[in-house]
>>> print(open('work18.txt').read())   # compact mmCIF, C-alpha atoms
# COMPACT_ATOMS: atom_id res chain seq x y z
CA MET A 1 -47.08 -97.68 18.07
CA PHE A 2 -45.96 -101.27 17.95
CA LYS A 3 -46.94 -102.00 14.29
CA PRO A 4 -45.27 -98.95 12.70
CA THR A 5 -42.10 -99.69 14.64
CA LEU A 6 -42.14 -103.32 13.50
CA MET A 7 -42.78 -102.27 9.87
CA SER A 8 -39.94 -99.76 10.04
CA ALA A 9 -37.60 -102.45 11.32
CA ARG A 10 -38.64 -104.77 8.51
CA ARG A 11 -38.11 -102.05 5.92
CA ARG A 12 -34.69 -101.29 7.32
CA ALA A 13 -33.79 -104.95 7.19
CA LEU A 14 -35.04 -105.23 3.62
CA LYS A 15 -33.06 -102.14 2.51
CA SER A 16 -29.98 -103.49 4.22
CA SER A 17 -30.41 -106.84 2.49
CA VAL A 18 -30.83 -105.18 -0.91
CA ALA A 19 -27.78 -102.97 -0.32
CA VAL A 20 -25.66 -105.96 0.60
CA GLY A 21 -26.94 -107.82 -2.46
CA LEU A 22 -26.10 -104.91 -4.74
CA SER A 23 -22.69 -104.59 -3.15
CA PHE A 24 -21.97 -108.25 -3.78
CA ALA A 25 -23.28 -107.93 -7.35
CA THR A 26 -21.10 -104.89 -8.05
CA ALA A 27 -18.07 -106.63 -6.63
CA ALA A 28 -18.83 -109.72 -8.68
CA ILE A 29 -19.08 -107.67 -11.90
CA ALA A 30 -15.83 -105.85 -11.15
CA THR A 31 -14.09 -109.12 -10.35
CA SER A 32 -15.44 -110.65 -13.56
CA LEU A 33 -14.23 -107.72 -15.66
CA PHE A 34 -10.81 -107.78 -14.01
CA ALA A 35 -10.57 -111.51 -14.50
CA SER A 36 -11.62 -111.17 -18.14
CA THR A 37 -9.00 -108.48 -18.78
CA SER A 38 -6.33 -110.48 -16.99
CA VAL A 39 -7.13 -113.62 -18.95
CA HIS A 40 -7.13 -111.61 -22.18
CA ALA A 41 -3.74 -110.16 -21.34
CA GLN A 42 -2.28 -113.52 -20.31
CA SER A 43 -3.58 -115.40 -23.36
CA TYR A 44 -3.05 -112.74 -26.03
CA PRO A 45 -2.21 -113.42 -28.76
CA THR A 46 -3.79 -116.77 -29.57
CA LYS A 47 -3.94 -116.35 -33.36
CA PRO A 48 -2.15 -114.47 -36.16
CA ILE A 49 -2.13 -110.67 -36.14
CA THR A 50 -2.69 -108.57 -39.27
CA LEU A 51 -0.58 -105.46 -39.79
CA VAL A 52 -2.34 -103.36 -42.43
CA VAL A 53 -0.27 -101.20 -44.79
CA GLY A 54 -2.06 -98.59 -46.88
CA PHE A 55 0.38 -98.83 -49.77
CA ALA A 56 1.50 -101.37 -52.35
CA ALA A 57 4.01 -104.10 -51.56
CA GLY A 58 7.61 -103.08 -52.10
CA GLY A 59 7.10 -99.42 -51.17
CA PRO A 60 8.94 -97.63 -48.33
CA THR A 61 6.27 -98.20 -45.66
CA ASP A 62 5.85 -101.82 -46.72
CA ILE A 63 9.61 -102.39 -46.29
CA VAL A 64 9.50 -101.01 -42.75
CA ALA A 65 6.33 -102.96 -41.92
CA ARG A 66 7.77 -106.31 -43.03
CA ALA A 67 10.96 -105.86 -41.05
CA LEU A 68 8.97 -105.07 -37.89
CA ALA A 69 6.43 -107.84 -38.50
CA GLN A 70 9.14 -110.47 -38.82
CA SER A 71 10.72 -109.46 -35.53
CA MET A 72 7.42 -109.02 -33.63
CA THR A 73 6.41 -112.52 -34.74
CA LYS A 74 9.33 -113.93 -32.76
CA THR A 75 8.40 -111.97 -29.65
CA LEU A 76 4.64 -112.56 -29.69
CA GLY A 77 4.75 -116.21 -30.66
CA GLN A 78 2.13 -115.67 -33.36
CA ALA A 79 2.56 -114.64 -36.96
CA VAL A 80 2.30 -110.93 -37.70
CA ALA A 81 1.22 -110.85 -41.33
CA VAL A 82 1.44 -107.73 -43.50
CA ASP A 83 -1.72 -107.01 -45.49
CA ASN A 84 -1.44 -104.36 -48.23
CA LYS A 85 -4.59 -102.28 -48.74
CA PRO A 86 -3.46 -99.47 -51.06
CA GLY A 87 -5.63 -96.57 -52.15
CA ALA A 88 -6.57 -92.95 -51.38
CA GLY A 89 -3.33 -92.13 -49.57
CA ALA A 90 -3.85 -95.02 -47.11
CA THR A 91 -7.18 -93.61 -45.93
CA ILE A 92 -8.95 -96.79 -47.07
CA ALA A 93 -6.66 -98.85 -44.86
CA GLY A 94 -6.95 -96.34 -42.02
CA ASN A 95 -10.73 -96.47 -42.08
CA LEU A 96 -10.71 -100.27 -42.23
CA VAL A 97 -8.59 -100.52 -39.08
CA ALA A 98 -10.47 -97.75 -37.25
CA LYS A 99 -13.66 -99.80 -37.66
CA ALA A 100 -12.08 -103.20 -36.97
CA LYS A 101 -12.81 -105.24 -33.83
CA PRO A 102 -10.67 -103.77 -31.00
CA ASP A 103 -9.09 -107.04 -29.93
CA GLY A 104 -5.46 -106.49 -30.91
CA TYR A 105 -5.56 -108.66 -34.02
CA THR A 106 -5.82 -105.84 -36.58
CA LEU A 107 -3.14 -103.14 -36.52
CA PHE A 108 -2.23 -100.24 -38.78
CA ILE A 109 1.18 -98.84 -39.68
CA HIS A 110 1.27 -95.45 -41.34
CA HIS A 111 3.74 -92.65 -41.94
CA ASN A 112 3.31 -88.86 -41.91
CA GLY A 113 0.12 -89.35 -43.89
CA MET A 114 -1.67 -89.94 -40.60
CA ALA A 115 -0.91 -86.30 -39.74
CA THR A 116 -1.61 -84.80 -43.16
CA ALA A 117 -4.88 -86.65 -43.84
CA PRO A 118 -7.08 -84.32 -41.70
CA ALA A 119 -6.09 -81.35 -43.89
CA LEU A 120 -5.83 -83.17 -47.23
CA TYR A 121 -9.14 -85.01 -46.92
CA ARG A 122 -11.92 -82.67 -45.83
CA LYS A 123 -14.30 -85.64 -45.60
CA LEU A 124 -11.94 -88.00 -43.83
CA PRO A 125 -13.94 -90.99 -42.52
CA PHE A 126 -11.86 -91.34 -39.35
CA ASN A 127 -10.16 -89.09 -36.81
CA PRO A 128 -6.47 -89.86 -36.19
CA LEU A 129 -6.67 -88.35 -32.69
CA THR A 130 -9.78 -90.13 -31.42
CA ASP A 131 -10.32 -93.35 -33.38
CA TYR A 132 -7.20 -95.30 -32.42
CA GLU A 133 -5.15 -96.62 -29.57
CA TYR A 134 -1.50 -95.75 -30.03
CA ILE A 135 1.12 -98.50 -29.92
CA GLY A 136 4.23 -96.43 -30.57
CA GLN A 137 6.40 -94.68 -33.09
CA ALA A 138 8.87 -96.91 -34.89
CA VAL A 139 11.21 -95.85 -37.67
CA ASP A 140 12.23 -92.48 -39.09
CA VAL A 141 13.23 -92.30 -42.74
CA PRO A 142 15.08 -89.20 -43.98
CA MET A 143 14.45 -87.92 -47.46
CA THR A 144 16.85 -86.84 -50.18
CA LEU A 145 16.60 -84.14 -52.81
CA ILE A 146 17.91 -85.62 -56.05
CA GLY A 147 18.04 -84.65 -59.70
CA ARG A 148 18.55 -86.38 -63.02
CA GLN A 149 22.17 -87.05 -63.86
CA ASP A 150 22.36 -84.65 -66.80
CA LEU A 151 20.90 -81.70 -64.90
CA PRO A 152 23.02 -78.60 -65.79
CA VAL A 153 24.06 -77.90 -62.17
CA LYS A 154 26.79 -79.26 -59.89
CA ASN A 155 25.54 -78.54 -56.35
CA PHE A 156 22.61 -77.27 -54.30
CA GLU A 157 23.56 -73.60 -54.65
CA GLU A 158 23.58 -73.92 -58.45
CA LEU A 159 20.32 -75.90 -58.31
CA VAL A 160 18.54 -73.08 -56.46
CA ALA A 161 19.84 -70.49 -58.97
CA TRP A 162 18.75 -72.69 -61.88
CA ILE A 163 15.29 -73.24 -60.37
CA LYS A 164 14.76 -69.52 -59.79
CA ALA A 165 15.84 -68.77 -63.35
CA ASN A 166 13.58 -71.39 -64.92
CA LYS A 167 10.71 -71.69 -62.38
CA ALA A 168 7.71 -73.39 -64.02
CA LYS A 169 9.98 -74.95 -66.66
CA VAL A 170 11.42 -77.18 -63.91
CA ASN A 171 9.58 -80.49 -63.42
CA LEU A 172 9.26 -81.72 -59.85
CA ALA A 173 8.02 -85.31 -59.58
CA ASN A 174 6.11 -86.85 -56.69
CA ALA A 175 4.42 -90.14 -55.84
CA GLY A 176 0.93 -88.65 -55.89
CA LEU A 177 -1.18 -86.06 -54.10
CA GLY A 178 -0.68 -86.40 -50.37
CA ALA A 179 2.40 -88.63 -50.65
CA VAL A 180 5.34 -87.55 -48.51
CA SER A 181 7.30 -86.77 -51.69
CA HIS A 182 4.49 -84.40 -52.68
CA LEU A 183 4.54 -82.71 -49.27
CA CYS A 184 8.32 -82.43 -49.30
CA GLY A 185 8.16 -80.84 -52.74
CA THR A 186 5.40 -78.48 -51.63
CA LEU A 187 7.39 -77.33 -48.60
CA PHE A 188 10.48 -76.96 -50.82
CA GLN A 189 8.61 -74.65 -53.20
CA GLN A 190 7.13 -72.62 -50.34
CA THR A 191 10.57 -72.23 -48.76
CA LEU A 192 12.06 -71.02 -52.06
CA ALA A 193 8.94 -68.87 -52.72
CA THR A 194 8.63 -70.22 -56.25
CA ASP A 195 6.25 -72.44 -58.22
CA LEU A 196 7.54 -75.39 -60.20
CA THR A 197 5.66 -77.73 -62.50
CA THR A 198 4.72 -80.68 -60.33
CA VAL A 199 4.28 -84.07 -61.98
CA PRO A 200 2.30 -86.51 -59.81
CA PHE A 201 2.60 -90.25 -60.34
CA ASN A 202 0.62 -93.15 -58.95
CA GLY A 203 3.22 -94.28 -56.44
CA THR A 204 6.95 -94.05 -55.74
CA ALA A 205 8.06 -96.66 -58.27
CA PRO A 206 6.52 -94.90 -61.33
CA ALA A 207 7.93 -91.56 -60.16
CA LEU A 208 11.42 -93.04 -59.84
CA THR A 209 11.11 -94.73 -63.23
CA ALA A 210 10.15 -91.47 -64.94
CA TRP A 211 12.88 -89.59 -63.14
CA MET A 212 15.51 -92.22 -64.00
CA GLY A 213 14.37 -91.99 -67.62
CA GLY A 214 15.06 -88.25 -67.64
CA HIS A 215 11.42 -87.25 -67.98
CA VAL A 216 11.44 -85.13 -64.81
CA ASP A 217 14.14 -82.95 -63.30
CA VAL A 218 13.94 -83.16 -59.52
CA LEU A 219 12.49 -85.52 -56.93
CA CYS A 220 12.30 -85.50 -53.15
CA ASP A 221 12.01 -89.06 -51.89
CA GLN A 222 12.87 -91.43 -49.07
CA THR A 223 16.32 -92.91 -48.57
CA THR A 224 14.74 -96.38 -48.58
CA GLN A 225 14.13 -95.79 -52.29
CA THR A 226 16.94 -93.48 -53.38
CA ILE A 227 20.09 -94.80 -51.66
CA PRO A 228 20.56 -97.72 -54.10
CA HIS A 229 20.51 -95.21 -57.00
CA ILE A 230 22.75 -92.78 -55.11
CA ASN A 231 25.29 -95.52 -54.35
CA ALA A 232 25.21 -96.60 -57.99
CA GLY A 233 26.03 -93.04 -59.09
CA LYS A 234 22.90 -92.74 -61.20
CA VAL A 235 21.67 -89.46 -59.70
CA LYS A 236 22.76 -86.03 -58.60
CA LEU A 237 22.35 -85.72 -54.86
CA PHE A 238 21.75 -82.22 -53.51
CA GLY A 239 21.07 -82.82 -49.83
CA VAL A 240 19.14 -84.63 -47.12
CA THR A 241 15.97 -83.26 -45.55
CA THR A 242 16.92 -83.77 -41.90
CA LYS A 243 18.38 -80.82 -39.99
CA SER A 244 21.69 -82.63 -39.58
CA ARG A 245 23.56 -85.19 -41.67
CA ILE A 246 22.62 -88.84 -41.56
CA GLY A 247 24.78 -91.91 -40.95
CA ALA A 248 24.01 -93.46 -44.33
CA LEU A 249 25.23 -90.35 -46.18
CA PRO A 250 27.76 -88.72 -43.83
CA ASN A 251 29.33 -86.56 -46.54
CA THR A 252 26.05 -85.14 -47.77
CA PRO A 253 25.00 -81.84 -46.14
CA SER A 254 21.40 -81.22 -45.13
CA LEU A 255 19.28 -78.63 -46.92
CA HIS A 256 19.06 -76.77 -43.59
CA GLU A 257 22.86 -76.69 -43.50
CA GLN A 258 22.92 -75.29 -47.04
CA GLY A 259 20.65 -72.36 -46.37
CA LEU A 260 17.07 -73.63 -46.16
CA LYS A 261 16.72 -72.72 -42.49
CA ASP A 262 14.54 -75.04 -40.42
CA PHE A 263 13.70 -77.14 -43.48
CA GLU A 264 12.99 -80.61 -42.15
CA VAL A 265 10.99 -83.52 -43.55
CA VAL A 266 11.34 -86.90 -41.89
CA VAL A 267 9.11 -89.81 -42.78
CA TRP A 268 8.14 -91.19 -39.38
CA HIS A 269 6.10 -94.36 -38.90
CA GLY A 270 3.61 -95.14 -36.16
CA VAL A 271 1.69 -98.29 -35.24
CA TYR A 272 -1.99 -98.06 -34.27
CA ALA A 273 -4.85 -100.29 -33.06
CA PRO A 274 -8.62 -99.64 -33.12
CA LYS A 275 -10.00 -97.48 -30.31
CA GLY A 276 -11.08 -99.60 -27.36
CA THR A 277 -8.33 -102.20 -27.64
CA PRO A 278 -7.68 -103.31 -24.03
CA LYS A 279 -4.73 -101.59 -22.36
CA PRO A 280 -3.01 -104.90 -21.45
CA VAL A 281 -3.08 -105.82 -25.14
CA VAL A 282 -1.73 -102.39 -26.11
CA ASP A 283 1.03 -102.80 -23.53
CA THR A 284 1.92 -106.21 -24.97
CA LEU A 285 2.10 -104.79 -28.49
CA THR A 286 4.16 -101.79 -27.38
CA ALA A 287 6.65 -104.09 -25.67
CA ALA A 288 6.87 -106.26 -28.81
CA LEU A 289 7.43 -103.18 -30.97
CA GLN A 290 10.17 -101.89 -28.68
CA THR A 291 11.85 -105.30 -28.73
CA ALA A 292 11.75 -105.27 -32.54
CA LEU A 293 13.38 -101.84 -32.59
CA LYS A 294 16.32 -103.31 -30.65
CA ASP A 295 16.56 -106.39 -32.89
CA PRO A 296 20.02 -106.33 -34.56
CA GLU A 297 18.50 -107.59 -37.82
CA VAL A 298 15.94 -104.75 -37.89
CA VAL A 299 18.54 -102.15 -36.90
CA LYS A 300 20.91 -103.29 -39.67
CA ARG A 301 18.15 -103.48 -42.26
CA MET A 302 17.05 -99.93 -41.46
CA LYS A 303 20.63 -98.63 -41.39
CA ASP A 304 21.33 -100.11 -44.81
CA LEU A 305 18.32 -98.20 -46.14
CA GLY A 306 19.29 -94.93 -44.50
CA ALA A 307 16.47 -95.20 -41.98
CA GLU A 308 16.86 -94.59 -38.26
CA ILE A 309 15.22 -96.15 -35.22
CA THR A 310 12.93 -93.65 -33.49
CA PRO A 311 14.23 -92.37 -30.12
CA VAL A 312 13.05 -94.49 -27.17
CA SER A 313 10.97 -91.61 -25.75
CA LYS A 314 8.71 -91.79 -28.82
CA GLN A 315 8.38 -95.59 -28.89
CA THR A 316 5.39 -95.37 -26.56
CA PRO A 317 1.69 -94.60 -26.89
CA ASP A 318 2.15 -91.17 -25.33
CA GLY A 319 5.22 -90.44 -27.47
CA LEU A 320 3.31 -91.25 -30.66
CA ARG A 321 0.23 -89.30 -29.57
CA THR A 322 2.27 -86.15 -28.80
CA HIS A 323 4.23 -86.32 -32.05
CA LEU A 324 1.13 -86.95 -34.17
CA SER A 325 -0.65 -83.95 -32.68
CA ALA A 326 2.32 -81.66 -33.38
CA GLU A 327 2.64 -82.96 -36.96
CA ILE A 328 -1.07 -82.40 -37.65
CA ASP A 329 -0.57 -78.73 -36.72
CA LYS A 330 2.62 -78.39 -38.82
CA TRP A 331 1.39 -79.97 -42.04
CA GLY A 332 -2.09 -78.52 -41.80
CA LYS A 333 -0.57 -75.06 -42.27
CA VAL A 334 1.54 -76.19 -45.25
CA ILE A 335 -1.40 -77.88 -46.99
CA ARG A 336 -3.83 -75.01 -46.43
CA ALA A 337 -1.23 -72.53 -47.72
CA ALA A 338 -0.84 -74.65 -50.88
CA GLY A 339 -4.62 -74.96 -51.27
CA GLN A 340 -4.29 -78.54 -52.53
CA TYR A 341 -6.79 -81.12 -51.35
CA ALA A 342 -7.38 -84.77 -52.14
CA ASP A 343 -11.21 -84.60 -52.14
>>> encode(input="work18.txt", output="structure tokens")
Amino acid sequence: MFKPTLMSARRRALKSSVAVGLSFATAAIATSLFASTSVHAQSYPTKPITLVVGFAAGGPTDIVARALAQSMTKTLGQAVAVDNKPGAGATIAGNLVAKAKPDGYTLFIHHNGMATAPALYRKLPFNPLTDYEYIGQAVDVPMTLIGRQDLPVKNFEELVAWIKANKAKVNLANAGLGAVSHLCGTLFQQTLATDLTTVPFNGTAPALTAWMGGHVDVLCDQTTQTIPHINAGKVKLFGVTTKSRIGALPNTPSLHEQGLKDFEVVVWHGVYAPKGTPKPVVDTLTAALQTALKDPEVVKRMKDLGAEITPVSKQTPDGLRTHLSAEIDKWGKVIRAAGQYAD
């Protein structure tokens, strides 16, 4: 009886010792991870940050990105450099960032294309809802419906009548398949229940050049590109694509106001990081973005271009996530109804 009892006691002591050892080890690992995260958060950033833009320099998204990058540089104490990686409707850039090291040094800014890509590209190499951490929504850019100066109409009502009378004879330009100007034009045609002749170009600049040269009739494009031409009196302006009027064009009615009920196309921009980026780093970036959106220089720059700062409720990871999900649903229906795909 004595030996079994002694052995049992020894086993209990050994188990207890192992349990204590494991407990200390677990605590040590947890402490190490916490310390690592804390150090990361306190030291970040220690080198320049790259903000990837999926379009060419000088385009609407690039303009927004550079204004934000300049302001965020001041807040973060490290340069935020814009890197243009154009191609395939920004999906090349999106894939690059989705697969980048999740350390907060590679970010992605994209517009509505983040929401339309899942429907446009049936072999999309990344998932907008699962492959990123969300930093926040930033700037909303209204769009304008404009026509060449010698178009034989005076207002939106006459434009609609002229379009319905001529249909496929009317040329509607866009900046390429999947561009926001293409989507705006697609929704416009669906709302009017008519088919026009669409003329895709390789980017906004070529589309504007062709339109200014009188080679196309109508174009739906962002205020960041069209306001200079509108102010110079070089175009016929038929309306803005927001539900209500905008500050940059207070005397111009919206298309919704003029009879296209619930017609709304706003070019919204979000900032993303690769999935797995530590939350303290995401929080730091969100705070820097929100500071930039209050920067008087950024606010003025956006106002001059007809753009608007996104409401504060959307300048957060959750705000961006919710809006992106809703936009994926909205534009998926429009794209599938049009039956136009980029692959």
>>> closest_residue(input="work18.txt", among="A:Pro311, A:Pro278, A:Gly203, A:Gly113", to="Leu293 in chain A", atoms="all atoms listed in the file")
A:Pro311
>>> residues_around(input="work18.txt", residues="Trp331 in chain A", least_positions_apart="4", cutoff="7 Å", atoms="only C-alpha atoms", output="list of chain:residue names")
A:Thr116, A:Glu327, A:Ile335
>>> atom_distance(input="work18.txt", atom1="CA of Gln190 in chain A", atom2="CA of Lys164 in chain A")
12.5 Å
>>> residues_around(input="work18.txt", residues="Glu157 in chain A", least_positions_apart="2", cutoff="12 Å", atoms="all atoms listed in the file", output="ChimeraX atom specification")
/A:153-155,159-164,238-239,253,255,257-260
>>> closest_atom_pairs(input="work18.txt", of="range 217-326 of chain A", to="range 72-94 of chain A", cutoff="7 Å", atoms="all atoms listed in the file", output="CSV")
residue,atom,partner,partner_atom,distance
A:Ala288,CA,A:Met72,CA,5.6
A:Leu289,CA,A:Met72,CA,6.4
A:Ala292,CA,A:Met72,CA,5.8
>>> closest_residue(input="work18.txt", among="A:Asn174, A:Ser181, A:Asn231, A:Thr291", to="Ala210 in chain A", atoms="all atoms listed in the file")
A:Asn174
>>> decode(input="work18.txt", residues="range 246-276 of chain A", atoms="N, CA and C atoms", output="PDB file, in the first residue's frame")
ATOM      1  N   ILE A 246     -25.021  70.243 -55.378  1.00  0.00           N
ATOM      2  CA  ILE A 246     -23.742  70.259 -54.692  1.00  0.00           C
ATOM      3  C   ILE A 246     -23.230  71.692 -54.558  1.00  0.00           C
ATOM      4  N   GLY A 247     -22.376  71.903 -53.550  1.00  0.00           N
ATOM      5  CA  GLY A 247     -21.877  73.238 -53.263  1.00  0.00           C
ATOM      6  C   GLY A 247     -21.102  73.860 -54.404  1.00  0.00           C
ATOM      7  N   ALA A 248     -20.385  73.063 -55.174  1.00  0.00           N
ATOM      8  CA  ALA A 248     -19.572  73.596 -56.264  1.00  0.00           C
ATOM      9  C   ALA A 248     -20.417  74.072 -57.444  1.00  0.00           C
ATOM     10  N   LEU A 249     -21.632  73.514 -57.562  1.00  0.00           N
ATOM     11  CA  LEU A 249     -22.536  73.898 -58.662  1.00  0.00           C
ATOM     12  C   LEU A 249     -23.940  74.117 -58.104  1.00  0.00           C
ATOM     13  N   PRO A 250     -24.118  75.117 -57.255  1.00  0.00           N
ATOM     14  CA  PRO A 250     -25.389  75.298 -56.541  1.00  0.00           C
ATOM     15  C   PRO A 250     -26.597  75.585 -57.433  1.00  0.00           C
ATOM     16  N   ASN A 251     -26.353  76.070 -58.638  1.00  0.00           N
ATOM     17  CA  ASN A 251     -27.460  76.401 -59.537  1.00  0.00           C
ATOM     18  C   ASN A 251     -27.785  75.282 -60.526  1.00  0.00           C
ATOM     19  N   THR A 252     -27.076  74.181 -60.379  1.00  0.00           N
ATOM     20  CA  THR A 252     -27.297  73.052 -61.293  1.00  0.00           C
ATOM     21  C   THR A 252     -28.144  71.992 -60.610  1.00  0.00           C
ATOM     22  N   PRO A 253     -29.335  71.699 -61.142  1.00  0.00           N
ATOM     23  CA  PRO A 253     -30.185  70.672 -60.522  1.00  0.00           C
ATOM     24  C   PRO A 253     -29.627  69.274 -60.723  1.00  0.00           C
ATOM     25  N   SER A 254     -29.983  68.375 -59.818  1.00  0.00           N
ATOM     26  CA  SER A 254     -29.571  66.972 -59.942  1.00  0.00           C
ATOM     27  C   SER A 254     -30.453  66.280 -60.977  1.00  0.00           C
ATOM     28  N   LEU A 255     -29.994  65.143 -61.484  1.00  0.00           N
ATOM     29  CA  LEU A 255     -30.804  64.374 -62.420  1.00  0.00           C
ATOM     30  C   LEU A 255     -32.039  63.820 -61.715  1.00  0.00           C
ATOM     31  N   HIS A 256     -31.871  63.467 -60.436  1.00  0.00           N
ATOM     32  CA  HIS A 256     -33.000  63.010 -59.612  1.00  0.00           C
ATOM     33  C   HIS A 256     -34.073  64.099 -59.553  1.00  0.00           C
ATOM     34  N   GLU A 257     -33.631  65.321 -59.354  1.00  0.00           N
ATOM     35  CA  GLU A 257     -34.526  66.476 -59.257  1.00  0.00           C
ATOM     36  C   GLU A 257     -35.253  66.728 -60.575  1.00  0.00           C
ATOM     37  N   GLN A 258     -34.620  66.308 -61.681  1.00  0.00           N
ATOM     38  CA  GLN A 258     -35.191  66.578 -63.001  1.00  0.00           C
ATOM     39  C   GLN A 258     -35.971  65.399 -63.584  1.00  0.00           C
ATOM     40  N   GLY A 259     -36.246  64.419 -62.727  1.00  0.00           N
ATOM     41  CA  GLY A 259     -37.121  63.344 -63.173  1.00  0.00           C
ATOM     42  C   GLY A 259     -36.549  61.943 -63.156  1.00  0.00           C
ATOM     43  N   LEU A 260     -35.229  61.804 -63.037  1.00  0.00           N
ATOM     44  CA  LEU A 260     -34.652  60.450 -62.951  1.00  0.00           C
ATOM     45  C   LEU A 260     -34.670  60.024 -61.484  1.00  0.00           C
ATOM     46  N   LYS A 261     -35.792  59.569 -61.026  1.00  0.00           N
ATOM     47  CA  LYS A 261     -35.998  59.255 -59.615  1.00  0.00           C
ATOM     48  C   LYS A 261     -34.982  58.236 -59.093  1.00  0.00           C
ATOM     49  N   ASP A 262     -34.404  58.589 -57.955  1.00  0.00           N
ATOM     50  CA  ASP A 262     -33.431  57.743 -57.251  1.00  0.00           C
ATOM     51  C   ASP A 262     -32.139  57.518 -58.034  1.00  0.00           C
ATOM     52  N   PHE A 263     -31.919  58.290 -59.091  1.00  0.00           N
ATOM     53  CA  PHE A 263     -30.659  58.175 -59.826  1.00  0.00           C
ATOM     54  C   PHE A 263     -29.563  58.822 -58.987  1.00  0.00           C
ATOM     55  N   GLU A 264     -28.571  58.028 -58.635  1.00  0.00           N
ATOM     56  CA  GLU A 264     -27.477  58.549 -57.819  1.00  0.00           C
ATOM     57  C   GLU A 264     -26.193  57.786 -58.109  1.00  0.00           C
ATOM     58  N   VAL A 265     -25.155  58.517 -58.487  1.00  0.00           N
ATOM     59  CA  VAL A 265     -23.832  57.938 -58.685  1.00  0.00           C
ATOM     60  C   VAL A 265     -22.818  58.877 -58.041  1.00  0.00           C
ATOM     61  N   VAL A 266     -22.209  58.421 -56.987  1.00  0.00           N
ATOM     62  CA  VAL A 266     -21.187  59.204 -56.290  1.00  0.00           C
ATOM     63  C   VAL A 266     -19.901  58.389 -56.276  1.00  0.00           C
ATOM     64  N   VAL A 267     -18.827  59.012 -56.675  1.00  0.00           N
ATOM     65  CA  VAL A 267     -17.541  58.319 -56.683  1.00  0.00           C
ATOM     66  C   VAL A 267     -16.935  58.436 -55.290  1.00  0.00           C
ATOM     67  N   TRP A 268     -17.060  57.373 -54.515  1.00  0.00           N
ATOM     68  CA  TRP A 268     -16.529  57.390 -53.147  1.00  0.00           C
ATOM     69  C   TRP A 268     -15.179  56.677 -53.116  1.00  0.00           C
ATOM     70  N   HIS A 269     -14.312  57.118 -52.228  1.00  0.00           N
ATOM     71  CA  HIS A 269     -12.965  56.561 -52.133  1.00  0.00           C
ATOM     72  C   HIS A 269     -12.729  55.961 -50.753  1.00  0.00           C
ATOM     73  N   GLY A 270     -12.141  54.773 -50.739  1.00  0.00           N
ATOM     74  CA  GLY A 270     -11.805  54.117 -49.476  1.00  0.00           C
ATOM     75  C   GLY A 270     -10.323  53.789 -49.437  1.00  0.00           C
ATOM     76  N   VAL A 271      -9.784  53.678 -48.222  1.00  0.00           N
ATOM     77  CA  VAL A 271      -8.375  53.319 -48.034  1.00  0.00           C
ATOM     78  C   VAL A 271      -8.312  51.957 -47.351  1.00  0.00           C
ATOM     79  N   TYR A 272      -7.445  51.076 -47.869  1.00  0.00           N
ATOM     80  CA  TYR A 272      -7.369  49.695 -47.413  1.00  0.00           C
ATOM     81  C   TYR A 272      -5.921  49.291 -47.103  1.00  0.00           C
ATOM     82  N   ALA A 273      -5.782  48.268 -46.259  1.00  0.00           N
ATOM     83  CA  ALA A 273      -4.481  47.661 -45.958  1.00  0.00           C
ATOM     84  C   ALA A 273      -4.632  46.150 -46.120  1.00  0.00           C
ATOM     85  N   PRO A 274      -3.539  45.422 -46.296  1.00  0.00           N
ATOM     86  CA  PRO A 274      -3.635  43.961 -46.442  1.00  0.00           C
ATOM     87  C   PRO A 274      -4.249  43.315 -45.196  1.00  0.00           C
ATOM     88  N   LYS A 275      -4.978  42.238 -45.404  1.00  0.00           N
ATOM     89  CA  LYS A 275      -5.572  41.493 -44.295  1.00  0.00           C
ATOM     90  C   LYS A 275      -4.484  41.040 -43.326  1.00  0.00           C
ATOM     91  N   GLY A 276      -4.738  41.202 -42.041  1.00  0.00           N
ATOM     92  CA  GLY A 276      -3.769  40.802 -41.039  1.00  0.00           C
ATOM     93  C   GLY A 276      -2.927  41.950 -40.506  1.00  0.00           C
TER      94      GLY A 276
END
